[in-house]
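Participant: Quick one: the structure is below, questions incoming.
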Number of protein chains: 2
Amino acid sequence: MADDDFQLQYFLPYLLNQAAEASSLEFQQIYKSRYGMLRTEWRVLFHLGLYGQLTASEIGQRARMHKTKISRAVHRLTERRFVTRTRDDGDRRVEHLSLTRQGQAAYDDLRAVAQRYNAALMDTLDPAEAAVLRRTLLKLSDVAQEGFT
Amino acid sequence: MADDDFQLQYFLPYLLNQAAEASSLEFQQIYKSRYGMLRTEWRVLFHLGLYGQLTASEIGQRARMHKTKISRAVHRLTERRFVTRTRDDGDRRVEHLSLTRQGQAAYDDLRAVAQRYNAALMDTLDPAEAAVLRRTLLKLSDVAQEGFT
DNA sequence: CTGTAATAGTTGGATTTGTAACTAACAAGC
DNA sequence: GCTTGTTAGTTACAAATCCAACTATTACAG
């Protein structure tokens, strides 16, 4: 590639960031205005809603979120009675997190919103494109994660 | 879609965020360690490097960045002598920004890094996939931007 | 002209995040 | 059982971001 051939519109990290920000915006406003949640809190809520009881580190591994983020998100979610913590009997460092009835209700509501939201996004693509998009995004997440140099 | 069909791995905003974060990480470390830059500063630098002289609001429109972010990025970039500001004679609210020799050198260096970095990412995809990916990301940026509800 | 609105860019304060150090509990070697 | 190391999660402080209010300048209506 010649020096002057470089364009921001071909730089993948930039493109990905733009698309990610743009496509998160409206959904973000919903969980923010409806439940006063931050992105980290929404993510924790969704992981608990989808996978049931989890520990903070399990969420960290799945979501690739740093433990301090999770710690703070869990703190706020328990304050608002969306999540309960129970100590593990065998290993008292570990806490098992799960949704309260209220947390489950919020999750159900937001999951439905997310599904509709996602469907609207998907509708702007044709199915073949959507499949390729999904596959490449997963690949990039993994490849870039591991470091490819 | 049935209620229990929902999966985070199919939720586009989530996928996009994961891929964006993962694929930005290594590059971020380079401009951070090499020039002490933040993401906002790198973006401003790249826009000036690519398009030459611009005003802060022009950068804001192109990069979809809020003006306060740009203001602070420009401030730091001028402190470090990467960017110079010159008042517009016709309209004295406006400032024209351009790279100093030093800023141009940093841009040239980082552009080369970005090109190699991008090539490495692209190499994990086949060309057809890459084309679809790029097209869909651009589409999503626009569609989601305008609001599709 | 003069008052009102719009635009370019900056600043202040609260909120959020990142980094590193910390506490508490367990594990393993000796 | 005591030292050393590891893991789960929290906290403190600095850095970065967001939002709203601000200054300065231009535009425009009457």
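Ligands are numbered from 1 in the order shown, residues from 1 within each chain, and chains are lettered A, B, ... in the order they appear in the structure tokens.
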Do you know which residues are at most 12 Å from range 12-25 of chain D counting only C-alpha atoms (C1' of nucleotides), after dropping those on the same chain fewer than 2 positions away, and could you put them as a PyMOL selection string?

Facilitator: (chain B and resi 38-40+66-70+72-73+88+90-94) or (chain C and resi 6-22) or (chain D and resi 10+27)

Participant: Please dump the current selection as a JSON list (two decimals), in the first residue's frame; keep C-alpha atoms (C1' of nucleotides).

Facilitator:
```
[["chain", "number", "residue", "atom", "x", "y", "z"],
["B", 38, "LEU", "CA", -5.00, 9.44, 24.00],
["B", 39, "ARG", "CA", -7.49, 8.07, 21.53],
["B", 40, "THR", "CA", -9.02, 11.50, 20.99],
["B", 66, "HIS", "CA", -18.00, 16.06, 20.63],
["B", 67, "LYS", "CA", -16.45, 19.50, 20.54],
["B", 68, "THR", "CA", -15.24, 19.38, 24.13],
["B", 69, "LYS", "CA", -13.23, 16.27, 23.37],
["B", 70, "ILE", "CA", -11.70, 17.97, 20.38],
["B", 72, "ARG", "CA", -9.06, 19.25, 24.92],
["B", 73, "ALA", "CA", -7.28, 17.05, 22.43],
["B", 88, "ASP", "CA", -9.28, 32.89, 10.53],
["B", 90, "GLY", "CA", -12.64, 36.60, 8.05],
["B", 91, "ASP", "CA", -14.32, 35.00, 11.06],
["B", 92, "ARG", "CA", -12.33, 35.38, 14.23],
["B", 93, "ARG", "CA", -14.21, 32.67, 16.09],
["B", 94, "VAL", "CA", -12.66, 30.09, 13.80],
["C", 6, "DA", "C1'", -26.73, 31.31, 16.27],
["C", 7, "DT", "C1'", -21.96, 29.47, 15.98],
["C", 8, "DA", "C1'", -16.86, 28.41, 17.38],
["C", 9, "DG", "C1'", -14.60, 27.02, 20.89],
["C", 10, "DT", "C1'", -13.51, 26.77, 26.17],
["C", 11, "DT", "C1'", -14.07, 25.81, 31.07],
["C", 12, "DG", "C1'", -15.95, 23.77, 35.59],
["C", 13, "DG", "C1'", -17.78, 20.24, 38.21],
["C", 14, "DA", "C1'", -19.76, 15.77, 38.68],
["C", 15, "DT", "C1'", -19.40, 11.05, 36.97],
["C", 16, "DT", "C1'", -16.82, 7.19, 35.20],
["C", 17, "DT", "C1'", -12.77, 4.67, 34.28],
["C", 18, "DG", "C1'", -7.98, 2.92, 34.85],
["C", 19, "DT", "C1'", -4.11, 1.45, 37.58],
["C", 20, "DA", "C1'", -2.13, -0.14, 41.42],
["C", 21, "DA", "C1'", -2.22, -1.30, 45.98],
["C", 22, "DC", "C1'", -4.86, -3.49, 49.28],
["D", 10, "DT", "C1'", -12.49, -4.12, 47.12],
["D", 27, "DA", "C1'", -25.66, 36.98, 11.59]]
```

Participant: From the DSSP assignment of the backbone, select every residue of range 45-121 of chain B that is strand (DSSP E), and format the answer as a VMD selection string.

Facilitator: chain B and resid 54 to 55 83 to 87 95 to 99

Participant: Just to be explicit: take each residue in the selection above, keep N, CA and C atoms, and write the result as an mmCIF file, in the first residue's frame.

Facilitator:
```
data_model
loop_
_atom_site.group_PDB
_atom_site.id
_atom_site.type_symbol
_atom_site.label_atom_id
_atom_site.label_comp_id
_atom_site.auth_asym_id
_atom_site.auth_seq_id
_atom_site.Cartn_x
_atom_site.Cartn_y
_atom_site.Cartn_z
ATOM 1 N N LEU B 54 -7.694 21.873 8.981
ATOM 2 C CA LEU B 54 -9.107 21.750 9.303
ATOM 3 C C LEU B 54 -9.419 22.613 10.524
ATOM 4 N N THR B 55 -10.691 22.937 10.703
ATOM 5 C CA THR B 55 -11.094 23.586 11.949
ATOM 6 C C THR B 55 -11.582 22.517 12.915
ATOM 7 N N VAL B 83 0.642 20.405 16.865
ATOM 8 C CA VAL B 83 -0.380 21.122 16.114
ATOM 9 C C VAL B 83 -0.227 22.624 16.354
ATOM 10 N N THR B 84 -0.498 23.405 15.320
ATOM 11 C CA THR B 84 -0.561 24.857 15.489
ATOM 12 C C THR B 84 -1.949 25.352 15.126
ATOM 13 N N ARG B 85 -2.338 26.459 15.761
ATOM 14 C CA ARG B 85 -3.641 27.060 15.520
ATOM 15 C C ARG B 85 -3.413 28.432 14.896
ATOM 16 N N THR B 86 -4.223 28.753 13.897
ATOM 17 C CA THR B 86 -4.178 30.121 13.367
ATOM 18 C C THR B 86 -5.604 30.613 13.190
ATOM 19 N N ARG B 87 -5.826 31.833 13.656
ATOM 20 C CA ARG B 87 -7.146 32.448 13.569
ATOM 21 C C ARG B 87 -7.527 32.717 12.125
ATOM 22 N N GLU B 95 -10.700 28.762 14.211
ATOM 23 C CA GLU B 95 -9.260 28.486 14.205
ATOM 24 C C GLU B 95 -8.943 27.405 13.196
ATOM 25 N N HIS B 96 -7.914 27.644 12.403
ATOM 26 C CA HIS B 96 -7.460 26.616 11.485
ATOM 27 C C HIS B 96 -6.327 25.841 12.134
ATOM 28 N N LEU B 97 -6.465 24.541 12.132
ATOM 29 C CA LEU B 97 -5.476 23.681 12.778
ATOM 30 C C LEU B 97 -4.636 22.993 11.726
ATOM 31 N N SER B 98 -3.333 22.906 11.989
ATOM 32 C CA SER B 98 -2.521 22.072 11.106
ATOM 33 C C SER B 98 -1.356 21.473 11.873
ATOM 34 N N LEU B 99 -0.759 20.460 11.282
ATOM 35 C CA LEU B 99 0.329 19.758 11.934
ATOM 36 C C LEU B 99 1.622 20.550 11.835
#
```

Participant: Please return as an MDAnalysis selection string: the residues of chain A that backbone DSSP assigns to helix (DSSP H, G or I).

Facilitator: chainID A and resid 3:5 8:10 12:35 39:51 56:63 67:79 101:123 127:146

Participant: From the options A:Ala128, A:Leu45, A:Leu133, A:Val113, which residue's atoms come nearest to chain B, counting only C-alpha atoms?

Facilitator: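 Checking each candidate against chain B, we get A:Leu133 as the closest.
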
Participant: Select residues of chain C: the criterion is any atom within 8 Å of an atom of chain A, counting only C-alpha atoms (C1' of nucleotides); output as a PyMOL selection string.

Facilitator: chain C and resi 24-26

Participant: When you look at Thr136 in chain A with a cut-off of 8 Å (counting only C-alpha atoms (C1' of nucleotides)), what residues show up, excluding the ones that are within fewer than 3 positions of it in the same chain? I need them as a list in words.

Facilitator: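 In the requested form, the answer reads Val132, Leu133, Lys139 and Leu140 of chain A; Leu125, Glu129 and Leu133 of chain B.
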
Participant: Mind pulling up the distance from CA of Ser141 in chain A to CA of Ala22 in chain B?

Facilitator: 5.5 Å

Participant: In Å to one decimal, how far is CA of Gln28 in chain A from CA of Ile59 in chain B?

Facilitator: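 Answer for the CA of Ile59 in chain B to CA of Gln28 in chain A separation: 24.7 Å.
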
Participant: When you get a sec, could you note down which chain B residues fall within 6 Å of chain A, using only C-alpha atoms, as JSON, numbers by chain?

Facilitator: {"B": [13, 16, 17, 19, 20, 22, 23, 24, 133, 137, 140, 141, 144, 145]}
